[in-house]
Amino acid sequence: MDFYIQVLISGLLLGGIYALISIGLNLIFGVVRILNFAHGELVMLAMYGTFWLYKLYDLDPYLSLVVVLPAMFLFGVVLQRFILQPVLTTSGVMKMFTTVGISILMQNLALILWKGDFRAVQTFYSMSTIKFSGLIISIPRLVAFGAALLSIILLYLFLKYTYVGKALRAIVEDHATARLMGITVERHYLLAFGLGALFSALGGTLMMPFSSVYPTIGGPFTALAFVIVVLGGLGSMGGTFLAGLFIGVIEAFAGTFVSPGLKEAIYFVIFLLVLMVRPQGLFGMGRGTEEIGLK
Amino acid sequence: MKKLAMLAAACICLMQISVTGVFAEEKTIQIGALYPISGNLALMGEESWRGAEIARILRNRQGGVAGKQIVFRQGDASTNSAARSETERMIEQDKVKAILGTYASSRCMVASEVAARKDIFYFELGAIANAITQRGYKTVWRTCPTSLDFCRGQVNFIINWLAPTLGKKANEIKVGIAHEDGEYGTSVANSFATLAKKTGLQIVSVEAYSNTSNDLSSVIFRLRKAAPDIVVAVSSSQDAILLSRQANELGLNIPIMGTGGGHSFQSFADGLGPQANGVLNVDFTQYHVNTKYTPGLEEFVKLYQETFKHFPRAGSSLANFMGANVIFNILEKTGGSFDPEKIRKVAMAMDIQPGHTATGWGVKFDKEGQNVRAECLVTQWRDGKLVTVWPKKFAVMEPILVK
């Protein structure tokens with residue numbers, strides 16, 4: 001029994017990290033309605049930022065959040081304003097290719113600047129664990145899990161109770177009507193993209209104590225975040241969190257009891273099944289969200 | 001009129017250049033050097049090229065081959081299709097009669113096939129796939145060990161050191177395998193499993209995983225359940241760090257032995273810190289090795305540092321240095337001739353005992369063109385350095401058992 005609980009704990013902790021990475025994509029995807037294929041590269045950039053702050057200035061990964069988060073927010077805003085805003089009114093395919101282009105550009109810039117080598121930080125808590133009655137919990141993973149939970153709650157409160165949050169939700173539901181109601185849609189797009197980049201950076205930085213970074217690390221994150229966001233439903237932060245945990249647990253159990261090589265295949269099958277039965281996702285909101293931003 | 005005069009002058013200049021070009025070629029030996037020097041294999045591809053380049057510089061200083069200076073014609077095997085087109089370009093345009101390279105097995109398989117069909121010699125100095133010399137091409141030769149040699153190195157070490165150290169017989173030793181599920185991981189893991197079974201070792205668990213995975217806890221859980229005496233890991237890059245970290249986190253107290261790849265990078269030790277201590281690995285000859293058995297290694301490192309301003313980044317440059325020297329020696333004996341019969345005769349007659357080259361490997365080619373005296377050494381991470389611990393004649397430290 002202990003063994004099953006241990007696998008469950010590993011899955012939940014992994015799911016927390018997945019959720020953290022996916023929140024940002026949900027914001028961008030839901031509000032701006034752009035299929036951001038460069039999402040994983042935002043995570044990668046934040047990880048490199050954390051690594052270099054650690055390497056050059058000896059800054060602890062957790063402390064480096066003070067620098068990395070605002071920097072990545074700004075980066076997101078700039079990306080939205082100068083690259084994505086001009087193509088917003090073009091076709092879905094055009095927008096998609098733009099983000100694919102950004103992704104390739106960022107990957108190759110990272111390769112040129114920092115080489116293909118994988119890099120990791122080494123902190124005293126990297127491998128620290130809590131042990132009780134035969135179960136093991138990794139502390140940095142627990143921190144990431146806690147941060148994911150906290151982020152979801154804060155974001156929920158922000159979207160629910162602030163004026164700006166309500167405006168963002170209105171845009172998710174129907175951006176044309178939101179504009180008619182006097183909401184400055186473009187300006188809110190900037191905010192949404194900035195926040196999306198910020199949450200990706202939070203995920204990336206909190207992963208650094210137990211993960212390595214290399215130029216192509218982003219690709220799998222992008223695919224994973226799409227699965228989680230669509231599974232959880234566009235615009236639903238709680239849905240993203242639950243979907244993240246769901247995928248994490250599926251991955252842990254499938255990996256342990258079926259085969260580690262098949263774990264990705266298994267959650268993609270489940271994803272396809274959900275898409276067939278409930279295309280708007282498990283907790284999806286808003287009309288037309290099942291069309292995944294292709295309009 | 002003035003324009004016409006300038007045009008004529010330009011033509012004369014061009015003719016001069018091409019004439020001196022032809023003249024220069026006669027005084028030199030042209031060899032193609034094909035490595036992935038851009039793209040995702042660029043780091044190690046370039047490191048490998050550097051080894052051959054140092055050999056070339058050194059040989060030219062000593063008067064070259066058969067009195068001629070050696071010139072490399074560079075090719076970039078950034079992808080498999082680039083490997084094909086670059087090989088064709090070097091043969092058709094640069095008129096090279098021999099090519100050396102390649103670091104990556106997939107690139108070598110493509111490029112050597114193109115070269116073989118045109119009867120151009122292909123010398124492989126660093127790629128390990130068994131199949132490279134098993135396709136019946138008479139002009140494909142390899143100086144470095146194969147993936148089977150990697151597995152031999154591991155199995156020998158497990159039987160001759162690990163088993164006695166644990167107080168067990170070889171057939172009582174249980175081995176777990178964790179490998180990335182790409183071509184590299186799968187082929188090496190299969191070779192290892194086949195060889196290990198032949199020698200009586202018990203394979204209790206074989207775990208394939210994707211090397212882009214960011215969580216290997218399920219691999220660790222499965223290994224923990226199988227409870228092997230040693231885990232043989234075939235990791236290509238960051239998965240090596242992840243495996244060790246999660247093994248440590250989740251209480252898998254079993255020694256890990258890598259198979260080159262991710263376990264040979266300095267970033268493995270830099271990223272893991274003290275936890276890297278004691279992790280075993282098998283690979284080409286590395287730099288912390290008994291230099292009495294590897295004559296020329298110190299000279300290589302010195303010239304490398306002079307040329308590239310830092311310490312060699314991996315053992316693959318040394319392997320390419322050794323291999324390039326073997327080729328130059330062959331060409332010296334043929335008097336600079338690329339005649340297939342002459343080269344074959346000289347190469348087959350070569351007989352260098354182990355301990356007489358910079359990697360310590362001997363040289364003796366079998367009829368398939370494989371150097372059967374190339375071998376892999378067992379190294380261990382000790383205080384951030386990859387030191388050689390096995391076989392004893394190469395060792396600078398005794399191996400230790402760290403769980």
# chains A, B, ... in the order shown; residues from 1 in each chain; ligands from 1

$ interface_residues --of "chain A" --to "chain B" --cutoff "6 Å" --atoms "only C-alpha atoms" --output "list in words"
Phe118, Ala120, Val121, Gln122, Met127, Ala252, Gly255, Thr256, Pro260 and Gly261 of chain A

$ write_last_selection --atoms "N, CA and C atoms" --output "JSON list (two decimals), in the first residue's frame"
[["chain", "number", "residue", "atom", "x", "y", "z"],
["A", 118, "PHE", "N", 23.88, 20.94, -21.01],
["A", 118, "PHE", "CA", 22.84, 21.07, -20.01],
["A", 118, "PHE", "C", 23.43, 21.65, -18.73],
["A", 120, "ALA", "N", 22.83, 22.91, -14.57],
["A", 120, "ALA", "CA", 21.99, 22.76, -13.38],
["A", 120, "ALA", "C", 22.58, 23.58, -12.24],
["A", 121, "VAL", "N", 21.74, 24.02, -11.33],
["A", 121, "VAL", "CA", 22.25, 24.71, -10.15],
["A", 121, "VAL", "C", 22.37, 23.66, -9.04],
["A", 122, "GLN", "N", 23.21, 24.01, -8.07],
["A", 122, "GLN", "CA", 23.45, 23.03, -7.01],
["A", 122, "GLN", "C", 23.23, 23.73, -5.69],
["A", 127, "MET", "N", 18.34, 18.19, -3.06],
["A", 127, "MET", "CA", 17.91, 16.81, -2.89],
["A", 127, "MET", "C", 17.37, 16.54, -1.50],
["A", 252, "ALA", "N", 2.67, 9.16, -13.41],
["A", 252, "ALA", "CA", 3.39, 8.39, -12.38],
["A", 252, "ALA", "C", 2.92, 6.93, -12.37],
["A", 255, "GLY", "N", 3.79, 5.19, -15.74],
["A", 255, "GLY", "CA", 5.23, 4.98, -15.82],
["A", 255, "GLY", "C", 5.67, 3.83, -14.93],
["A", 256, "THR", "N", 5.10, 3.78, -13.71],
["A", 256, "THR", "CA", 5.55, 2.77, -12.75],
["A", 256, "THR", "C", 4.96, 1.39, -13.05],
["A", 260, "PRO", "N", 7.86, 3.15, -18.26],
["A", 260, "PRO", "CA", 8.26, 4.57, -18.28],
["A", 260, "PRO", "C", 8.25, 5.15, -19.70],
["A", 261, "GLY", "N", 8.51, 4.31, -20.68],
["A", 261, "GLY", "CA", 8.57, 4.79, -22.06],
["A", 261, "GLY", "C", 7.19, 5.11, -22.62]]

$ residues_around --residues "segment 158-164 of chain B" --least-positions-apart "5" --cutoff "7 Å" --atoms "only C-alpha atoms" --output "VMD selection string"
chain B and resid 169 to 170 173

$ write_last_selection --atoms "N, CA, C and O atoms" --output "PDB file, in the first residue's frame"
ATOM      1  N   LYS B 169      29.273 -14.362  -6.544  1.00  0.00           N
ATOM      2  CA  LYS B 169      29.725 -14.919  -7.810  1.00  0.00           C
ATOM      3  C   LYS B 169      29.087 -14.131  -8.944  1.00  0.00           C
ATOM      4  O   LYS B 169      28.028 -13.520  -8.747  1.00  0.00           O
ATOM      5  N   ALA B 170      29.708 -14.218 -10.129  1.00  0.00           N
ATOM      6  CA  ALA B 170      29.195 -13.430 -11.253  1.00  0.00           C
ATOM      7  C   ALA B 170      27.726 -13.746 -11.538  1.00  0.00           C
ATOM      8  O   ALA B 170      26.924 -12.850 -11.795  1.00  0.00           O
ATOM      9  N   ILE B 173      25.077 -11.843  -9.533  1.00  0.00           N
ATOM     10  CA  ILE B 173      24.963 -10.379  -9.651  1.00  0.00           C
ATOM     11  C   ILE B 173      23.716 -10.025 -10.460  1.00  0.00           C
ATOM     12  O   ILE B 173      23.507 -10.526 -11.559  1.00  0.00           O
TER      13      ILE B 173
END

$ closest_residue --among "B:Leu201, B:Ile99, B:Leu386, B:Ile128" --to "Phe150 of chain B" --atoms "only C-alpha atoms"
B:Ile128

$ select_by_dssp --residues "segment 250-351 of chain B" --states "helix (DSSP H, G or I)" --output "NGL selection string"
:B and (261-263 or 266-276 or 297-308 or 316-333 or 340-349)

$ residues_around --residues "Phe29 of chain A" --least-positions-apart "2" --cutoff "10 Å" --atoms "only C-alpha atoms" --output "compact mmCIF listing (two decimals) with N, CA, C and O atoms, in the first residue's frame"
# COMPACT_ATOMS: atom_id res chain seq x y z
N ILE A 23 -0.62 27.37 -16.12
CA ILE A 23 -1.47 28.53 -15.79
C ILE A 23 -1.23 29.66 -16.79
O ILE A 23 -2.16 30.26 -17.32
N GLY A 24 0.07 29.93 -17.05
CA GLY A 24 0.42 31.03 -17.96
C GLY A 24 -0.17 30.81 -19.34
O GLY A 24 -0.69 31.73 -19.97
N LEU A 25 -0.11 29.58 -19.80
CA LEU A 25 -0.62 29.29 -21.14
C LEU A 25 -2.14 29.47 -21.17
O LEU A 25 -2.68 29.98 -22.15
N ASN A 26 -2.81 29.09 -20.09
CA ASN A 26 -4.26 29.25 -20.03
C ASN A 26 -4.64 30.72 -20.18
O ASN A 26 -5.56 31.07 -20.92
N LEU A 27 -3.88 31.60 -19.49
CA LEU A 27 -4.16 33.03 -19.58
C LEU A 27 -3.99 33.51 -21.03
O LEU A 27 -4.86 34.18 -21.58
N VAL A 31 -7.27 34.38 -23.05
CA VAL A 31 -7.55 35.80 -23.24
C VAL A 31 -7.16 36.25 -24.64
O VAL A 31 -7.98 36.79 -25.39
N VAL A 32 -5.92 36.04 -25.01
CA VAL A 32 -5.43 36.57 -26.29
C VAL A 32 -5.86 35.67 -27.46
O VAL A 32 -5.84 36.07 -28.60
N ARG A 33 -6.25 34.44 -27.13
CA ARG A 33 -6.67 33.46 -28.14
C ARG A 33 -5.57 33.21 -29.17
O ARG A 33 -5.79 33.19 -30.37
N ILE A 34 -4.36 33.09 -28.66
CA ILE A 34 -3.24 32.77 -29.54
C ILE A 34 -2.68 31.42 -29.13
O ILE A 34 -2.56 31.14 -27.93
N LEU A 35 -2.44 30.56 -30.10
CA LEU A 35 -1.80 29.28 -29.81
C LEU A 35 -0.31 29.57 -29.64
O LEU A 35 0.41 29.66 -30.62
N ASN A 36 0.11 29.75 -28.40
CA ASN A 36 1.50 30.17 -28.19
C ASN A 36 2.46 28.99 -28.17
O ASN A 36 2.69 28.38 -27.13
N VAL A 172 -12.33 36.70 -22.26
CA VAL A 172 -12.32 35.25 -22.50
C VAL A 172 -13.67 34.83 -23.07
O VAL A 172 -13.75 34.07 -24.02
N ALA A 192 -2.36 40.23 -20.08
CA ALA A 192 -2.53 38.77 -20.05
C ALA A 192 -1.25 38.07 -20.49
O ALA A 192 -0.81 37.10 -19.87
N PHE A 193 -0.62 38.58 -21.56
CA PHE A 193 0.60 37.93 -22.04
C PHE A 193 1.72 38.09 -21.03
O PHE A 193 2.49 37.15 -20.76
N GLY A 196 1.07 35.77 -18.28
CA GLY A 196 1.33 34.41 -18.77
C GLY A 196 2.81 34.10 -18.71
O GLY A 196 3.23 33.05 -18.22
N PHE A 226 -0.42 22.52 -23.35
CA PHE A 226 -1.63 22.52 -24.20
C PHE A 226 -2.61 21.45 -23.74
O PHE A 226 -3.80 21.69 -23.60
N VAL A 229 -4.19 22.55 -20.41
CA VAL A 229 -5.12 23.68 -20.52
C VAL A 229 -6.41 23.24 -21.21
O VAL A 229 -7.51 23.57 -20.77
N VAL A 230 -6.29 22.48 -22.27
CA VAL A 230 -7.50 22.05 -22.99
C VAL A 230 -8.30 21.06 -22.13
O VAL A 230 -9.53 21.14 -22.07
N LEU A 234 -10.53 26.14 -21.09
CA LEU A 234 -10.02 27.50 -21.25
C LEU A 234 -10.66 28.42 -20.22
O LEU A 234 -11.85 28.35 -19.98
N GLY A 235 -9.83 29.27 -19.63
CA GLY A 235 -10.35 30.26 -18.72
C GLY A 235 -10.57 29.75 -17.31
O GLY A 235 -10.80 30.52 -16.39
N THR A 289 -15.04 28.09 -26.91
CA THR A 289 -13.67 27.79 -26.44
C THR A 289 -13.16 26.48 -27.03
O THR A 289 -11.97 26.24 -27.07
N ILE A 292 -10.40 26.42 -29.92
CA ILE A 292 -8.98 26.56 -29.62
C ILE A 292 -8.30 27.68 -30.40
O ILE A 292 -7.24 27.50 -30.99
N GLY A 293 -8.92 28.83 -30.40
CA GLY A 293 -8.22 30.01 -30.90
C GLY A 293 -7.92 30.03 -32.37
O GLY A 293 -7.13 30.83 -32.85

$ residues_around --residues "Glu341 of chain B" --least-positions-apart "6" --cutoff "12 Å" --atoms "only C-alpha atoms" --output "PyMOL selection string"
chain B and resi 119+121+138-139+334+347-348

$ write_last_selection --atoms "N, CA, C and O atoms" --output "tab-separated table (two decimals), in the first residue's frame"
chain	number	residue	atom	x	y	z
B	119	ASP	N	34.20	4.79	-54.04
B	119	ASP	CA	35.54	4.26	-53.75
B	119	ASP	C	36.45	5.26	-53.05
B	119	ASP	O	37.66	5.29	-53.30
B	121	PHE	N	38.01	6.59	-49.45
B	121	PHE	CA	38.20	6.05	-48.12
B	121	PHE	C	37.45	6.83	-47.06
B	121	PHE	O	37.38	8.06	-47.11
B	138	LYS	N	34.61	-2.09	-48.30
B	138	LYS	CA	36.05	-2.31	-48.12
B	138	LYS	C	36.81	-1.03	-47.84
B	138	LYS	O	37.98	-1.06	-47.46
B	139	THR	N	36.18	0.13	-48.05
B	139	THR	CA	36.90	1.39	-47.86
B	139	THR	C	36.50	2.11	-46.57
B	139	THR	O	36.89	3.24	-46.34
B	334	THR	N	52.21	4.57	-47.49
B	334	THR	CA	51.85	4.41	-48.90
B	334	THR	C	52.52	5.49	-49.75
B	334	THR	O	52.27	5.58	-50.95
B	347	ALA	N	47.34	-1.02	-44.03
B	347	ALA	CA	46.48	-1.01	-42.84
B	347	ALA	C	46.40	-2.40	-42.22
B	347	ALA	O	46.50	-2.55	-41.01
B	348	MET	N	46.24	-3.41	-43.07
B	348	MET	CA	46.11	-4.76	-42.54
B	348	MET	C	47.41	-5.24	-41.89
B	348	MET	O	47.40	-6.08	-40.99

$ atom_distance --atom1 "atom CA of Phe132 of chain A" --atom2 "atom CA of Ala144 of chain A"
19.9 Å

$ select_by_dssp --residues "segment 17-234 of chain A" --states "strand (DSSP E or B)" --output "NGL selection string"
:A and (119 or 129-132 or 135-138 or 213)

$ residues_around --residues "Ile254 of chain B" --least-positions-apart "3" --cutoff "8 Å" --atoms "only C-alpha atoms" --output "PyMOL selection string"
chain B and resi 228-231+402-403

$ write_last_selection --atoms "all heavy atoms" --output "PDB file, in the first residue's frame"
ATOM      1  N   PRO B 228      18.338  -4.427  -7.999  1.00  0.00           N
ATOM      2  CA  PRO B 228      19.582  -4.941  -8.584  1.00  0.00           C
ATOM      3  C   PRO B 228      20.808  -4.576  -7.731  1.00  0.00           C
ATOM      4  O   PRO B 228      20.686  -3.789  -6.795  1.00  0.00           O
ATOM      5  CB  PRO B 228      19.660  -4.223  -9.929  1.00  0.00           C
ATOM      6  CG  PRO B 228      18.870  -2.973  -9.749  1.00  0.00           C
ATOM      7  CD  PRO B 228      17.859  -3.220  -8.669  1.00  0.00           C
ATOM      8  N   ASP B 229      21.956  -5.167  -8.059  1.00  0.00           N
ATOM      9  CA  ASP B 229      23.208  -4.809  -7.378  1.00  0.00           C
ATOM     10  C   ASP B 229      23.846  -3.579  -8.003  1.00  0.00           C
ATOM     11  O   ASP B 229      24.599  -2.860  -7.360  1.00  0.00           O
ATOM     12  CB  ASP B 229      24.203  -5.974  -7.460  1.00  0.00           C
ATOM     13  CG  ASP B 229      23.720  -7.182  -6.700  1.00  0.00           C
ATOM     14  OD1 ASP B 229      23.492  -7.043  -5.492  1.00  0.00           O
ATOM     15  OD2 ASP B 229      23.529  -8.246  -7.322  1.00  0.00           O
ATOM     16  N   ILE B 230      23.572  -3.382  -9.298  1.00  0.00           N
ATOM     17  CA  ILE B 230      24.113  -2.198  -9.987  1.00  0.00           C
ATOM     18  C   ILE B 230      23.129  -1.782 -11.089  1.00  0.00           C
ATOM     19  O   ILE B 230      22.440  -2.628 -11.659  1.00  0.00           O
ATOM     20  CB  ILE B 230      25.519  -2.488 -10.576  1.00  0.00           C
ATOM     21  CG1 ILE B 230      26.138  -1.200 -11.135  1.00  0.00           C
ATOM     22  CG2 ILE B 230      25.477  -3.580 -11.655  1.00  0.00           C
ATOM     23  CD1 ILE B 230      27.615  -1.303 -11.433  1.00  0.00           C
ATOM     24  N   VAL B 231      23.053  -0.474 -11.326  1.00  0.00           N
ATOM     25  CA  VAL B 231      22.210   0.021 -12.410  1.00  0.00           C
ATOM     26  C   VAL B 231      23.116   0.482 -13.542  1.00  0.00           C
ATOM     27  O   VAL B 231      23.998   1.316 -13.337  1.00  0.00           O
ATOM     28  CB  VAL B 231      21.336   1.207 -11.945  1.00  0.00           C
ATOM     29  CG1 VAL B 231      20.579   1.812 -13.126  1.00  0.00           C
ATOM     30  CG2 VAL B 231      20.364   0.767 -10.867  1.00  0.00           C
ATOM     31  N   VAL B 402      30.151   3.303  -4.042  1.00  0.00           N
ATOM     32  CA  VAL B 402      29.294   4.317  -3.411  1.00  0.00           C
ATOM     33  C   VAL B 402      27.862   4.007  -3.767  1.00  0.00           C
ATOM     34  O   VAL B 402      27.527   3.873  -4.937  1.00  0.00           O
ATOM     35  CB  VAL B 402      29.667   5.732  -3.897  1.00  0.00           C
ATOM     36  CG1 VAL B 402      28.717   6.760  -3.305  1.00  0.00           C
ATOM     37  CG2 VAL B 402      31.091   6.058  -3.509  1.00  0.00           C
ATOM     38  N   LYS B 403      27.037   3.832  -2.746  1.00  0.00           N
ATOM     39  CA  LYS B 403      25.637   3.504  -3.012  1.00  0.00           C
ATOM     40  C   LYS B 403      24.783   4.756  -2.925  1.00  0.00           C
ATOM     41  O   LYS B 403      25.070   5.657  -2.184  1.00  0.00           O
ATOM     42  CB  LYS B 403      25.151   2.467  -2.012  1.00  0.00           C
ATOM     43  CG  LYS B 403      25.787   1.110  -2.265  1.00  0.00           C
ATOM     44  CD  LYS B 403      25.187   0.062  -1.372  1.00  0.00           C
ATOM     45  CE  LYS B 403      25.717  -1.314  -1.735  1.00  0.00           C
ATOM     46  NZ  LYS B 403      25.174  -2.351  -0.889  1.00  0.00           N
TER      47      LYS B 403
END

$ residues_around --residues "segment 213-219 of chain A" --least-positions-apart "5" --cutoff "7 Å" --atoms "only C-alpha atoms" --output "VMD selection string"
chain A and resid 40 to 41 43 to 44 47 to 48 107 110 to 111 116 to 120

$ write_last_selection --atoms "N, CA, C and O atoms" --output "short mmCIF file (atom, residue, chain, number, x, y, z; two decimals), in the first residue's frame"
data_model
loop_
_atom_site.label_atom_id
_atom_site.label_comp_id
_atom_site.auth_asym_id
_atom_site.auth_seq_id
_atom_site.Cartn_x
_atom_site.Cartn_y
_atom_site.Cartn_z
N GLY A 40 6.88 27.00 -24.02
CA GLY A 40 7.97 26.27 -23.38
C GLY A 40 9.27 27.06 -23.41
O GLY A 40 10.08 26.96 -22.50
N GLU A 41 9.43 27.86 -24.44
CA GLU A 41 10.67 28.66 -24.55
C GLU A 41 10.68 29.77 -23.49
O GLU A 41 11.74 30.19 -23.05
N VAL A 43 9.50 29.31 -20.51
CA VAL A 43 9.97 28.57 -19.33
C VAL A 43 11.50 28.40 -19.41
O VAL A 43 12.21 28.63 -18.43
N MET A 44 11.97 28.04 -20.61
CA MET A 44 13.41 27.82 -20.81
C MET A 44 14.20 29.10 -20.50
O MET A 44 15.22 29.06 -19.81
N MET A 47 14.45 29.68 -16.90
CA MET A 47 15.39 28.74 -16.28
C MET A 47 16.83 29.20 -16.50
O MET A 47 17.65 29.15 -15.58
N TYR A 48 17.12 29.64 -17.72
CA TYR A 48 18.47 30.15 -17.98
C TYR A 48 18.75 31.40 -17.14
O TYR A 48 19.85 31.56 -16.61
N GLN A 107 15.01 29.14 -29.33
CA GLN A 107 15.80 27.92 -29.15
C GLN A 107 17.20 28.08 -29.73
O GLN A 107 18.20 27.73 -29.11
N ALA A 110 19.38 30.56 -27.89
CA ALA A 110 19.91 29.92 -26.66
C ALA A 110 21.08 29.00 -27.01
O ALA A 110 22.08 28.96 -26.31
N LEU A 111 20.95 28.30 -28.14
CA LEU A 111 22.01 27.38 -28.57
C LEU A 111 23.29 28.14 -28.91
O LEU A 111 24.40 27.73 -28.57
N GLY A 116 24.87 23.85 -26.41
CA GLY A 116 23.92 22.77 -26.20
C GLY A 116 24.05 22.07 -24.85
O GLY A 116 23.26 21.20 -24.52
N ASP A 117 25.05 22.45 -24.07
CA ASP A 117 25.31 21.82 -22.79
C ASP A 117 24.12 21.95 -21.84
O ASP A 117 23.43 22.95 -21.87
N PHE A 118 23.88 20.94 -21.01
CA PHE A 118 22.84 21.07 -20.01
C PHE A 118 23.43 21.65 -18.73
O PHE A 118 24.55 21.34 -18.36
N ARG A 119 22.67 22.51 -18.09
CA ARG A 119 23.20 23.21 -16.93
C ARG A 119 22.26 23.10 -15.75
O ARG A 119 21.05 23.19 -15.91
N ALA A 120 22.83 22.91 -14.57
CA ALA A 120 21.99 22.76 -13.38
C ALA A 120 22.58 23.58 -12.24
O ALA A 120 23.78 23.84 -12.23
#

$ atom_distance --atom1 "atom CA of Phe123 of chain B" --atom2 "atom CA of Gly101 of chain B"
6.7 Å
